[in-house]
file target_1.csv (CSV, C-alpha atoms)
chain,number,residue,atom,x,y,z
E,1,MET,CA,8.2,-19.8,-72.5
E,2,ALA,CA,11.6,-20.3,-74.2
E,3,PRO,CA,14.6,-20.7,-71.9
E,4,GLN,CA,16.6,-17.7,-70.9
E,5,PRO,CA,19.5,-16.7,-73.1
E,6,SER,CA,22.8,-17.9,-71.6
E,7,ILE,CA,26.5,-18.3,-72.6
E,8,SER,CA,28.4,-21.5,-72.2
E,9,ASN,CA,31.7,-22.5,-73.6
E,10,GLY,CA,31.7,-19.4,-75.7
E,11,THR,CA,28.3,-20.3,-77.3
E,12,THR,CA,25.4,-17.9,-77.1
E,13,THR,CA,21.9,-19.4,-76.6
E,14,LEU,CA,19.3,-17.0,-77.9
E,15,SER,CA,15.5,-17.0,-77.3
E,16,THR,CA,12.5,-14.9,-78.2
E,17,LEU,CA,11.6,-13.6,-74.7
E,18,PRO,CA,9.0,-10.8,-74.3
E,19,LEU,CA,10.7,-7.6,-73.3
E,20,THR,CA,9.6,-6.3,-69.9
E,21,ASN,CA,10.8,-3.6,-67.6
E,22,THR,CA,12.3,-6.3,-65.3
E,23,LEU,CA,14.1,-8.1,-68.2
E,24,MET,CA,15.6,-4.9,-69.6
E,25,ASN,CA,17.2,-4.3,-66.2
E,26,LYS,CA,18.9,-7.7,-66.4
E,27,PHE,CA,21.0,-7.2,-69.5
E,28,LYS,CA,24.7,-7.8,-68.9
E,29,PRO,CA,27.7,-8.3,-71.3
E,30,ALA,CA,27.9,-12.0,-72.2
E,31,LYS,CA,30.9,-11.7,-74.4
E,32,ILE,CA,33.4,-8.9,-75.2
E,33,PHE,CA,35.5,-9.2,-78.4
E,34,LYS,CA,38.9,-7.7,-77.5
E,35,GLY,CA,40.3,-7.8,-81.0
E,36,SER,CA,37.3,-6.3,-82.8
E,37,VAL,CA,39.3,-3.3,-84.0
E,38,GLU,CA,42.9,-3.0,-85.0
E,39,SER,CA,45.3,-0.9,-82.9
E,40,GLN,CA,45.8,2.6,-84.2
E,41,PRO,CA,49.5,3.2,-85.2
E,42,ALA,CA,51.3,6.1,-83.7
E,43,SER,CA,51.7,9.1,-86.0
E,44,PRO,CA,53.2,12.6,-85.6
E,45,GLY,CA,50.8,15.4,-84.9
E,46,ARG,CA,48.1,13.1,-83.7
E,47,SER,CA,45.7,14.6,-81.2
E,48,PRO,CA,46.1,13.4,-77.6
E,49,ASN,CA,42.3,13.1,-77.5
E,50,ALA,CA,42.1,10.8,-80.6
E,51,GLY,CA,42.4,7.5,-78.6
E,52,PRO,CA,42.1,4.1,-80.3
E,53,PHE,CA,40.2,3.2,-83.4
E,54,HIS,CA,36.5,2.8,-82.9
E,55,ILE,CA,33.7,0.8,-84.4
E,56,THR,CA,31.4,3.3,-86.2
E,57,GLY,CA,28.5,1.2,-87.4
E,58,ILE,CA,26.7,-2.1,-86.7
E,59,SER,CA,23.9,-4.0,-88.4
E,60,PHE,CA,21.9,-7.2,-87.9
E,61,ASP,CA,20.6,-9.3,-90.7
E,62,ASP,CA,16.8,-9.7,-91.0
E,63,ARG,CA,16.8,-13.0,-89.0
E,64,GLY,CA,19.1,-11.7,-86.2
E,65,ASP,CA,21.5,-14.5,-86.9
E,66,GLN,CA,24.5,-12.4,-87.9
E,67,VAL,CA,25.9,-8.9,-87.1
E,68,VAL,CA,28.4,-6.9,-89.1
E,69,THR,CA,30.5,-4.1,-87.9
E,70,ALA,CA,32.4,-1.3,-89.6
E,71,ALA,CA,35.4,0.5,-88.0
E,72,GLU,CA,37.9,3.3,-88.4
E,73,ASP,CA,40.6,0.6,-89.1
E,74,GLU,CA,38.9,0.2,-92.6
E,75,THR,CA,37.6,-3.3,-91.9
E,76,PHE,CA,34.2,-4.8,-91.6
E,77,ARG,CA,33.8,-7.9,-89.5
E,78,LEU,CA,31.0,-10.5,-89.5
E,79,TYR,CA,29.9,-12.3,-86.3
E,80,ASN,CA,27.5,-15.2,-85.6
E,81,CYS,CA,25.0,-14.1,-82.9
E,82,LYS,CA,24.1,-17.6,-81.9
E,83,THR,CA,27.6,-19.1,-81.4
E,84,GLY,CA,29.1,-15.8,-80.3
E,85,LYS,CA,32.0,-16.3,-82.7
E,86,PRO,CA,33.6,-14.1,-85.4
E,87,LEU,CA,33.1,-15.4,-88.9
E,88,LYS,CA,35.3,-13.3,-91.1
E,89,THR,CA,37.2,-10.0,-91.4
E,90,LEU,CA,37.1,-8.1,-94.7
E,91,LYS,CA,39.2,-5.1,-95.5
E,92,SER,CA,38.4,-2.0,-97.5
E,93,LYS,CA,41.6,-0.1,-97.4
E,94,LYS,CA,41.0,1.6,-100.7
E,95,TYR,CA,37.6,3.0,-100.1
E,96,GLY,CA,37.1,2.8,-96.3
E,97,VAL,CA,33.9,1.6,-94.8
E,98,ASP,CA,31.1,3.2,-92.7
E,99,LEU,CA,27.4,2.6,-92.0
E,100,PRO,CA,27.2,-1.0,-93.0
E,101,ARG,CA,23.6,-2.2,-93.7
E,102,PHE,CA,22.4,-5.7,-94.5
E,103,THR,CA,20.2,-6.0,-97.5
E,104,HIS,CA,17.4,-8.6,-97.3
E,105,LYS,CA,20.1,-11.1,-98.2
E,106,ASN,CA,22.4,-12.1,-95.3
E,107,THR,CA,25.3,-12.4,-97.7
E,108,ALA,CA,25.3,-8.7,-98.9
E,109,ILE,CA,25.5,-5.3,-97.5
E,110,VAL,CA,25.5,-1.7,-98.6
E,111,HIS,CA,28.0,0.7,-97.0
E,112,ALA,CA,29.3,4.3,-97.2
E,113,SER,CA,32.8,5.2,-98.2
E,114,THR,CA,35.3,7.2,-96.2
E,115,LYS,CA,38.0,7.6,-98.9
E,116,GLU,CA,38.4,8.2,-102.6
E,117,ASP,CA,34.8,9.6,-103.0
E,118,ASP,CA,31.4,9.5,-101.5
E,119,THR,CA,30.0,6.5,-103.5
E,120,ILE,CA,27.8,4.0,-101.7
E,121,ARG,CA,28.9,0.5,-102.4
E,122,TYR,CA,26.9,-2.8,-102.6
E,123,HIS,CA,29.2,-5.6,-101.4
E,124,SER,CA,29.0,-9.4,-101.3
E,125,LEU,CA,30.2,-10.8,-98.0
E,126,HIS,CA,30.2,-14.3,-99.6
E,127,ASP,CA,33.1,-13.7,-102.0
E,128,ASN,CA,34.3,-10.2,-101.0
E,129,LYS,CA,33.4,-8.5,-104.2
E,130,TYR,CA,31.6,-5.3,-105.0
E,131,LEU,CA,28.3,-5.9,-106.9
E,132,GLN,CA,27.3,-2.3,-107.7
E,133,TYR,CA,28.2,1.4,-107.1
E,134,PHE,CA,25.8,4.1,-106.3
E,135,LYS,CA,27.3,7.5,-107.3
E,136,GLY,CA,25.8,10.9,-106.8
E,137,HIS,CA,26.6,12.3,-103.4
E,138,LYS,CA,29.1,15.1,-103.3
E,139,GLY,CA,29.8,15.0,-99.5
E,140,LYS,CA,30.3,12.5,-96.8
E,141,VAL,CA,27.3,10.1,-96.4
E,142,VAL,CA,26.2,10.3,-92.7
E,143,SER,CA,23.0,8.3,-92.8
E,144,LEU,CA,22.1,5.1,-94.6
E,145,GLU,CA,19.0,2.9,-94.1
E,146,VAL,CA,17.5,-0.1,-96.1
E,147,SER,CA,13.8,-0.3,-96.7
E,148,PRO,CA,12.2,-3.0,-94.5
E,149,ILE,CA,9.8,-4.0,-97.4
E,150,ASP,CA,11.7,-3.8,-100.7
E,151,ASP,CA,15.1,-3.4,-102.3
E,152,GLY,CA,15.2,0.4,-101.8
E,153,PHE,CA,17.5,2.3,-99.5
E,154,MET,CA,17.9,5.9,-98.5
E,155,SER,CA,21.0,7.9,-97.8
E,156,GLY,CA,21.7,11.3,-96.3
E,157,SER,CA,24.9,13.3,-96.9
E,158,MET,CA,26.8,16.4,-95.9
E,159,ASP,CA,26.0,17.7,-99.4
E,160,LYS,CA,22.5,18.5,-97.8
E,161,THR,CA,20.6,16.0,-99.9
E,162,VAL,CA,18.7,12.8,-99.1
E,163,ARG,CA,18.6,10.3,-101.9
E,164,LEU,CA,16.4,7.3,-102.5
E,165,TRP,CA,17.9,4.4,-104.4
E,166,ASP,CA,17.0,0.9,-105.8
E,167,LEU,CA,19.4,-2.0,-105.5
E,168,ARG,CA,18.2,-3.4,-108.8
E,169,ALA,CA,19.5,-0.4,-110.7
E,170,PRO,CA,21.7,2.6,-109.7
E,171,THR,CA,18.9,5.1,-110.5
E,172,LEU,CA,18.2,8.1,-108.4
E,173,PHE,CA,14.5,8.4,-107.5
E,174,ALA,CA,14.3,11.5,-105.3
E,175,VAL,CA,16.4,14.2,-103.8
E,176,ALA,CA,15.3,16.3,-100.8
E,177,VAL,CA,17.1,19.1,-99.0
E,178,ASN,CA,17.3,19.1,-95.2
E,179,HIS,CA,17.5,22.6,-93.7
E,180,TYR,CA,18.6,23.2,-90.1
E,181,SER,CA,16.4,21.6,-87.5
E,182,ARG,CA,13.6,20.6,-89.9
E,183,ILE,CA,12.3,17.1,-90.7
E,184,LEU,CA,10.6,16.6,-94.0
E,185,LEU,CA,8.3,13.6,-94.4
E,186,TYR,CA,7.4,12.3,-97.8
E,187,ASP,CA,5.0,9.8,-99.2
E,188,GLN,CA,7.1,7.4,-101.2
E,189,ALA,CA,4.3,7.1,-103.8
E,190,ASN,CA,4.5,10.9,-104.3
E,191,PHE,CA,8.2,11.5,-103.8
E,192,ASP,CA,8.3,14.1,-106.6
E,193,LYS,CA,5.7,16.2,-104.7
E,194,ALA,CA,6.2,18.5,-101.7
E,195,PRO,CA,6.6,16.9,-98.3
E,196,PHE,CA,3.3,16.1,-96.7
E,197,LEU,CA,4.6,17.2,-93.3
E,198,VAL,CA,7.4,19.6,-92.3
E,199,ILE,CA,8.5,19.4,-88.6
E,200,THR,CA,10.5,22.1,-86.9
E,201,LEU,CA,12.3,20.4,-84.0
E,202,GLU,CA,12.4,23.0,-81.2
E,203,ASP,CA,12.9,22.1,-77.5
E,204,PRO,CA,11.9,24.9,-75.2
E,205,THR,CA,13.6,23.2,-72.2
E,206,LEU,CA,17.0,24.0,-73.8
E,207,ALA,CA,16.5,27.7,-73.0
E,208,LEU,CA,16.5,26.7,-69.3
E,209,ILE,CA,20.1,25.5,-69.6
E,210,SER,CA,21.6,28.3,-71.7
E,211,TYR,CA,20.5,31.4,-73.7
E,212,PRO,CA,20.5,31.5,-76.6
E,213,PRO,CA,19.7,27.7,-76.4
E,214,ARG,CA,22.2,25.3,-77.9
E,215,PRO,CA,21.2,24.3,-81.4
E,216,ILE,CA,19.9,20.8,-81.9
E,217,TYR,CA,22.2,18.6,-84.2
E,218,MET,CA,20.3,15.6,-85.5
E,219,THR,CA,22.5,12.5,-86.2
E,220,SER,CA,19.9,9.8,-86.9
E,221,MET,CA,16.2,9.2,-87.4
E,222,SER,CA,14.3,5.9,-87.2
E,223,PHE,CA,10.6,5.0,-87.1
E,224,SER,CA,9.3,2.6,-84.4
E,225,SER,CA,8.1,-0.8,-85.8
E,226,ASN,CA,4.5,0.1,-85.0
E,227,GLY,CA,4.8,3.2,-87.1
E,228,LYS,CA,3.6,5.5,-84.3
E,229,TYR,CA,6.8,7.3,-83.4
E,230,LEU,CA,9.9,8.9,-84.9
E,231,LEU,CA,13.1,8.6,-82.8
E,232,VAL,CA,15.5,11.5,-83.5
E,233,GLY,CA,19.0,10.8,-82.3
E,234,CYS,CA,21.1,13.9,-81.5
E,235,SER,CA,24.5,14.9,-80.4
E,236,GLY,CA,24.6,16.4,-77.0
E,237,ASN,CA,22.8,15.0,-74.0
E,238,ALA,CA,19.3,14.4,-75.3
E,239,HIS,CA,17.4,12.4,-77.9
E,240,TYR,CA,13.8,13.0,-79.0
E,241,VAL,CA,10.6,11.0,-79.7
E,242,LEU,CA,8.0,12.6,-82.1
E,243,ASP,CA,4.6,11.6,-83.2
E,244,ALA,CA,5.1,10.1,-86.7
E,245,PHE,CA,1.8,11.3,-88.0
E,246,GLU,CA,1.4,14.8,-86.7
E,247,GLY,CA,5.0,15.8,-85.8
E,248,TYR,CA,4.3,16.6,-82.2
E,249,LEU,CA,7.4,16.6,-80.0
E,250,LEU,CA,6.4,14.1,-77.3
E,251,ALA,CA,9.4,13.1,-75.3
E,252,LYS,CA,13.0,14.0,-74.5
E,253,LEU,CA,15.3,11.2,-73.5
E,254,GLU,CA,17.9,12.3,-70.9
E,255,GLY,CA,20.6,11.0,-68.6
E,256,HIS,CA,23.4,10.0,-71.0
E,257,VAL,CA,26.6,11.8,-72.0
E,258,GLY,CA,26.6,13.0,-75.6
E,259,LEU,CA,29.0,11.4,-78.1
E,260,GLU,CA,30.1,14.4,-80.0
E,261,ARG,CA,33.4,14.3,-78.2
E,262,ARG,CA,36.0,11.6,-78.7
E,263,ASN,CA,36.4,10.8,-75.0
E,264,MET,CA,35.6,12.2,-71.5
E,265,SER,CA,38.9,14.1,-71.3
E,266,ALA,CA,38.2,16.1,-74.5
E,267,PRO,CA,36.9,19.6,-73.8
E,268,PRO,CA,33.2,20.1,-74.6
E,269,SER,CA,32.3,22.4,-77.5
E,270,ILE,CA,29.6,25.0,-77.6
E,271,GLU,CA,29.0,24.2,-81.3
E,272,PRO,CA,27.1,20.9,-81.8
E,273,ALA,CA,28.8,18.3,-84.0
E,274,LYS,CA,27.9,14.8,-85.3
E,275,GLY,CA,30.8,13.3,-83.4
E,276,ASN,CA,32.1,9.8,-84.2
E,277,SER,CA,28.9,7.9,-84.7
E,278,GLY,CA,25.2,8.4,-85.4
E,279,GLU,CA,24.6,4.8,-84.3
E,280,GLU,CA,24.2,5.2,-80.6
E,281,VAL,CA,20.4,5.1,-80.2
E,282,GLY,CA,17.7,2.8,-81.5
E,283,TRP,CA,14.5,1.0,-80.9
E,284,THR,CA,13.8,-2.5,-79.5
E,285,PRO,CA,11.8,-4.5,-82.1
E,286,ASP,CA,8.5,-4.2,-80.1
E,287,SER,CA,8.6,-0.4,-80.0
E,288,LYS,CA,8.4,-0.4,-76.2
E,289,PHE,CA,12.0,0.7,-75.3
E,290,VAL,CA,14.8,2.8,-76.7
E,291,VAL,CA,18.4,1.8,-76.1
E,292,GLY,CA,21.3,4.2,-76.3
E,293,GLY,CA,25.0,4.6,-75.7
E,294,SER,CA,27.0,7.2,-73.8
E,295,LEU,CA,30.5,8.7,-73.8
E,296,ASP,CA,31.1,7.3,-70.3
E,297,GLY,CA,30.5,3.7,-71.6
E,298,LYS,CA,27.1,3.2,-69.9
E,299,VAL,CA,24.1,1.8,-71.8
E,300,PHE,CA,20.8,3.5,-71.3
E,301,ILE,CA,17.3,2.0,-71.6
E,302,TRP,CA,14.3,4.3,-71.8
E,303,ASP,CA,10.7,3.1,-71.4
E,304,ILE,CA,8.5,4.6,-74.1
E,305,GLN,CA,5.2,2.8,-73.3
E,306,LYS,CA,3.6,5.6,-71.3
E,307,ILE,CA,4.3,8.5,-73.6
E,308,PRO,CA,1.2,10.8,-73.6
E,309,THR,CA,-0.7,11.5,-76.9
E,310,ARG,CA,-1.2,15.0,-78.1
E,311,SER,CA,-3.9,16.6,-80.4
E,312,GLY,CA,-4.8,20.0,-81.7
E,313,ASP,CA,-2.4,22.6,-83.2
E,314,SER,CA,1.3,22.0,-82.8
E,315,ASP,CA,2.9,24.5,-80.4
E,316,THR,CA,6.7,24.6,-80.3
E,317,ASN,CA,6.5,26.2,-76.8
E,318,THR,CA,5.0,23.1,-75.3
E,319,PRO,CA,7.8,21.2,-73.5
E,320,PRO,CA,8.2,17.5,-74.1
E,321,LEU,CA,7.9,14.9,-71.4
E,322,ARG,CA,11.3,14.4,-70.0
E,323,ILE,CA,12.1,10.7,-69.6
E,324,ALA,CA,14.8,9.5,-67.2
E,325,PRO,CA,16.3,6.1,-68.1
E,326,LEU,CA,14.5,2.9,-66.9
E,327,ALA,CA,17.9,1.2,-66.5
E,328,VAL,CA,21.6,2.3,-66.7
E,329,LEU,CA,23.8,-0.7,-67.5
E,330,ASP,CA,27.5,-1.0,-66.8
E,331,GLY,CA,30.0,-3.3,-68.5
E,332,HIS,CA,30.9,-1.8,-71.9
E,333,PRO,CA,34.6,-0.9,-72.1
E,334,GLY,CA,35.1,2.7,-73.3
E,335,PRO,CA,32.5,4.9,-75.0
E,336,SER,CA,29.4,2.9,-76.2
E,337,ARG,CA,29.2,4.6,-79.6
E,338,CYS,CA,27.0,2.0,-81.3
E,339,VAL,CA,24.0,0.3,-79.7
E,340,ARG,CA,21.6,-2.0,-81.6
E,341,PHE,CA,19.0,-4.5,-80.4
E,342,ASN,CA,18.6,-7.8,-82.2
E,343,PRO,CA,15.5,-7.8,-84.4
E,344,ARG,CA,14.5,-11.4,-83.4
E,345,PHE,CA,16.1,-12.3,-80.1
E,346,ALA,CA,16.6,-11.0,-76.6
E,347,MET,CA,20.1,-9.8,-77.4
E,348,MET,CA,21.8,-6.4,-77.8
E,349,CYS,CA,25.2,-5.3,-79.3
E,350,THR,CA,27.3,-2.4,-78.2
E,351,ALA,CA,30.4,-1.2,-79.9
E,352,GLY,CA,33.2,1.4,-79.6
E,353,ALA,CA,36.8,0.4,-79.2
E,354,GLU,CA,35.5,-3.1,-78.6
E,355,LEU,CA,32.4,-5.1,-79.4
E,356,ALA,CA,30.1,-6.6,-76.8
E,357,PHE,CA,27.2,-9.0,-76.9
E,358,TRP,CA,24.6,-8.5,-74.2
E,359,LEU,CA,22.1,-11.0,-72.8
E,360,PRO,CA,19.7,-10.9,-69.9
E,361,ASP,CA,21.0,-12.5,-66.8
E,362,SER,CA,19.1,-15.8,-66.2
E,363,SER,CA,19.7,-15.8,-62.4
E,364,GLY,CA,16.6,-14.4,-60.6
E,365,ASP,CA,16.9,-12.4,-57.4
E,366,ALA,CA,15.4,-13.6,-54.1
E,367,GLU,CA,12.3,-11.4,-54.4
E,368,GLU,CA,11.5,-12.5,-57.9
E,369,ILE,CA,11.9,-16.2,-57.0
E,370,ALA,CA,9.6,-15.7,-54.0
E,371,ARG,CA,6.9,-14.0,-56.2
E,372,ASP,CA,7.1,-16.9,-58.7
E,373,LEU,CA,6.6,-19.4,-55.9
E,374,LEU,CA,3.6,-17.5,-54.6
E,375,LYS,CA,2.0,-17.4,-58.0
E,376,LYS,CA,2.5,-21.2,-58.4
E,377,ARG,CA,1.0,-21.9,-54.9
E,378,GLY,CA,-2.0,-19.6,-55.6
E,379,PRO,CA,-4.3,-18.2,-52.9
E,380,SER,CA,-4.3,-20.1,-49.7
call {"tool": "encode", "arguments": {"input": "target_1.csv", "output": "structure tokens"}}
result
Amino acid sequence: MAPQPSISNGTTTLSTLPLTNTLMNKFKPAKIFKGSVESQPASPGRSPNAGPFHITGISFDDRGDQVVTAAEDETFRLYNCKTGKPLKTLKSKKYGVDLPRFTHKNTAIVHASTKEDDTIRYHSLHDNKYLQYFKGHKGKVVSLEVSPIDDGFMSGSMDKTVRLWDLRAPTLFAVAVNHYSRILLYDQANFDKAPFLVITLEDPTLALISYPPRPIYMTSMSFSSNGKYLLVGCSGNAHYVLDAFEGYLLAKLEGHVGLERRNMSAPPSIEPAKGNSGEEVGWTPDSKFVVGGSLDGKVFIWDIQKIPTRSGDSDTNTPPLRIAPLAVLDGHPGPSRCVRFNPRFAMMCTAGAELAFWLPDSSGDAEEIARDLLKKRGPS
């Protein structure tokens, strides 16, 4: 087995360890970047709950060697995951920057705009130039994902459309409308046809908390790498895991504090809202665990390996399996608004007002060392 990840003289040593329940409990911040966001200048009429600027999006390249962040200070910053050092800071004061996503080249990203208009921009990190503009959205872009297999990418907007694009030419392939708490699944080969599955996301356990139940506000969606599950990130204090083939609501992930508020002192709202990020929850690359952030700064890890299967007709009155976190990790300063796991290595990034690199602690506890010694000795 490869050596455990460690940090020495500011250099991160990464390895490809299998992710187990024990290992996931050992993650700790290995490095915190204090200057990862500029200070917010004082301004008249500013809300007392506004707080400092936050990082709103993070993305790893395909190899897991680099991570890029986008922040409310209108900068995006590139870091080397192996050395644990910042590489460059680029500014986008004219257009703003949000939802950065690496393309399949580690020198280029696509990102949403926060100023001027709602154009998606294709940007070269190598020479800090825009390569292409993708126009069409008439509202803020709140979701952006690059296809894992080709040069396509998909965007979702407050204009109630989802658009499919191709990096090779700024041509619109498909537009879908997302109504309320419904998820529409399309076959890309038949994107001009009706969706092959329409899922109504209803959680009967919400009626046990308040009546009428609080509406579900979806902020992100991502498929597991094995293709079995669809993770639906939401504002409020729950995320959901669905069967990606039949649409069954399988599990409800609980325990965290929702990120629709700016900070813990801000009063909660009855009305759901996206909040300041839709980047707070995601998969580990082996589809075994979900990692997520929280308003109180903790990082949550949920074990998805024992989710029950379902069959037969879909019944929205069937409650999902409620999953408590496998681990609750401390160490992130301030709200953990963005959480992403490295696609290649046993490493995790969290971001908010600061950026943190997380690695599993290589020091074993006494019980674990004793178990290893017994295994080596074998039966007596």
call {"tool": "residues_around", "arguments": {"input": "target_1.csv", "residues": "Ile304 of chain E", "least_positions_apart": "5", "cutoff": "8 Å", "atoms": "only C-alpha atoms", "output": "list in words"}}
result
Ser287, Lys288, Phe289 and Val290 of chain E
call {"tool": "closest_residue", "arguments": {"input": "target_1.csv", "among": "E:Ser265, E:Thr107, E:Thr20, E:Ser36", "to": "Asp127 of chain E", "atoms": "all atoms listed in the file"}}
result
E:Thr107
call {"tool": "residues_around", "arguments": {"input": "target_1.csv", "residues": "Ala71 of chain E", "least_positions_apart": "2", "cutoff": "12 Å", "atoms": "only C-alpha atoms", "output": "MDAnalysis selection string"}}
result
chainID E and resid 35:40 52:58 68:69 73:78 89:93 96:100 111:114 276:277 337:338 351:355
call {"tool": "atom_distance", "arguments": {"input": "target_1.csv", "atom1": "atom CA of Pro343 of chain E", "atom2": "atom CA of Met218 of chain E"}}
result
23.9 Å
call {"tool": "residues_around", "arguments": {"input": "target_1.csv", "residues": "Ile149 of chain E", "least_positions_apart": "6", "cutoff": "12 Å", "atoms": "only C-alpha atoms", "output": "PDB file with C-alpha atoms, in the coordinates of the input"}}
result
ATOM      1  CA  ASP E  62      16.800  -9.700 -91.000  1.00  0.00           C
ATOM      2  CA  THR E 103      20.200  -6.000 -97.500  1.00  0.00           C
ATOM      3  CA  HIS E 104      17.400  -8.600 -97.300  1.00  0.00           C
TER       4      HIS E 104
END
call {"tool": "closest_residue", "arguments": {"input": "target_1.csv", "among": "E:His239, E:His256, E:Lys298, E:Arg262", "to": "Thr219 of chain E", "atoms": "all atoms listed in the file"}}
result
E:His239
call {"tool": "closest_residue", "arguments": {"input": "target_1.csv", "among": "E:Lys252, E:Arg344, E:Arg163, E:Lys129", "to": "Ile109 of chain E", "atoms": "all atoms listed in the file"}}
result
E:Lys129
call {"tool": "atom_distance", "arguments": {"input": "target_1.csv", "atom1": "atom CA of Asn21 of chain E", "atom2": "atom CA of Asn80 of chain E"}}
result
27.2 Å
call {"tool": "residues_around", "arguments": {"input": "target_1.csv", "residues": "Pro320 of chain E", "least_positions_apart": "3", "cutoff": "10 Å", "atoms": "all atoms listed in the file", "output": "tab-separated table (two decimals) with C-alpha atoms, in the frame of the given file"}}
result
chain	number	residue	atom	x	y	z
E	202	GLU	CA	12.40	23.00	-81.20
E	203	ASP	CA	12.90	22.10	-77.50
E	204	PRO	CA	11.90	24.90	-75.20
E	205	THR	CA	13.60	23.20	-72.20
E	240	TYR	CA	13.80	13.00	-79.00
E	241	VAL	CA	10.60	11.00	-79.70
E	242	LEU	CA	8.00	12.60	-82.10
E	248	TYR	CA	4.30	16.60	-82.20
E	249	LEU	CA	7.40	16.60	-80.00
E	250	LEU	CA	6.40	14.10	-77.30
E	251	ALA	CA	9.40	13.10	-75.30
E	252	LYS	CA	13.00	14.00	-74.50
E	253	LEU	CA	15.30	11.20	-73.50
E	307	ILE	CA	4.30	8.50	-73.60
E	308	PRO	CA	1.20	10.80	-73.60
E	316	THR	CA	6.70	24.60	-80.30
E	317	ASN	CA	6.50	26.20	-76.80
E	323	ILE	CA	12.10	10.70	-69.60
call {"tool": "atom_distance", "arguments": {"input": "target_1.csv", "atom1": "atom CA of Asp151 of chain E", "atom2": "atom CA of Asp118 of chain E"}}
result
20.8 Å
call {"tool": "residues_around", "arguments": {"input": "target_1.csv", "residues": "Lys31 of chain E", "least_positions_apart": "2", "cutoff": "8 Å", "atoms": "all atoms listed in the file", "output": "list in words"}}
result
Gly10, Pro29, Phe33, Gly84, Ala356, Phe357 and Trp358 of chain E
call {"tool": "closest_residue", "arguments": {"input": "target_1.csv", "among": "E:Thr318, E:Ser336, E:Asn25, E:Ser155", "to": "Asp296 of chain E", "atoms": "only C-alpha atoms"}}
result
E:Ser336
call {"tool": "closest_residue", "arguments": {"input": "target_1.csv", "among": "E:Ser210, E:Ser181, E:Ser222, E:Asn106", "to": "Asp61 of chain E", "atoms": "only C-alpha atoms"}}
result
E:Asn106
call {"tool": "closest_residue", "arguments": {"input": "target_1.csv", "among": "E:Ser294, E:Asn263, E:Gln305, E:Ser311", "to": "Asp243 of chain E", "atoms": "all atoms listed in the file"}}
result
E:Ser311
call {"tool": "closest_atom_pairs", "arguments": {"input": "target_1.csv", "of": "segment 217-269 of chain E", "to": "segment 278-282 of chain E", "cutoff": "12 Å", "atoms": "all atoms listed in the file", "output": "JSON lines"}}
result
{"residue": "E:Tyr217", "atom": "CA", "partner": "E:Gly278", "partner_atom": "CA", "distance": 10.7}
{"residue": "E:Met218", "atom": "CA", "partner": "E:Gly278", "partner_atom": "CA", "distance": 8.7}
{"residue": "E:Thr219", "atom": "CA", "partner": "E:Gly278", "partner_atom": "CA", "distance": 5.0}
{"residue": "E:Ser220", "atom": "CA", "partner": "E:Gly278", "partner_atom": "CA", "distance": 5.7}
{"residue": "E:Met221", "atom": "CA", "partner": "E:Gly282", "partner_atom": "CA", "distance": 8.8}
{"residue": "E:Ser222", "atom": "CA", "partner": "E:Gly282", "partner_atom": "CA", "distance": 7.3}
{"residue": "E:Phe223", "atom": "CA", "partner": "E:Gly282", "partner_atom": "CA", "distance": 9.3}
{"residue": "E:Ser224", "atom": "CA", "partner": "E:Gly282", "partner_atom": "CA", "distance": 8.9}
{"residue": "E:Ser225", "atom": "CA", "partner": "E:Gly282", "partner_atom": "CA", "distance": 11.1}
{"residue": "E:Tyr229", "atom": "CA", "partner": "E:Gly282", "partner_atom": "CA", "distance": 11.9}
{"residue": "E:Leu230", "atom": "CA", "partner": "E:Gly282", "partner_atom": "CA", "distance": 10.5}
{"residue": "E:Leu231", "atom": "CA", "partner": "E:Gly282", "partner_atom": "CA", "distance": 7.5}
{"residue": "E:Val232", "atom": "CA", "partner": "E:Val281", "partner_atom": "CA", "distance": 8.7}
{"residue": "E:Gly233", "atom": "CA", "partner": "E:Val281", "partner_atom": "CA", "distance": 6.2}
{"residue": "E:Cys234", "atom": "CA", "partner": "E:Gly278", "partner_atom": "CA", "distance": 7.9}
{"residue": "E:Ser235", "atom": "CA", "partner": "E:Gly278", "partner_atom": "CA", "distance": 8.2}
{"residue": "E:Gly236", "atom": "CA", "partner": "E:Gly278", "partner_atom": "CA", "distance": 11.6}
{"residue": "E:Asn237", "atom": "CA", "partner": "E:Glu280", "partner_atom": "CA", "distance": 11.9}
{"residue": "E:Ala238", "atom": "CA", "partner": "E:Val281", "partner_atom": "CA", "distance": 10.6}
{"residue": "E:His239", "atom": "CA", "partner": "E:Val281", "partner_atom": "CA", "distance": 8.2}
{"residue": "E:Tyr240", "atom": "CA", "partner": "E:Val281", "partner_atom": "CA", "distance": 10.4}
{"residue": "E:Val241", "atom": "CA", "partner": "E:Gly282", "partner_atom": "CA", "distance": 11.0}
{"residue": "E:Leu253", "atom": "CA", "partner": "E:Val281", "partner_atom": "CA", "distance": 10.4}
{"residue": "E:His256", "atom": "CA", "partner": "E:Glu280", "partner_atom": "CA", "distance": 10.8}
{"residue": "E:Val257", "atom": "CA", "partner": "E:Glu280", "partner_atom": "CA", "distance": 11.1}
{"residue": "E:Gly258", "atom": "CA", "partner": "E:Glu280", "partner_atom": "CA", "distance": 9.6}
{"residue": "E:Leu259", "atom": "CA", "partner": "E:Glu280", "partner_atom": "CA", "distance": 8.2}
{"residue": "E:Glu260", "atom": "CA", "partner": "E:Gly278", "partner_atom": "CA", "distance": 9.4}
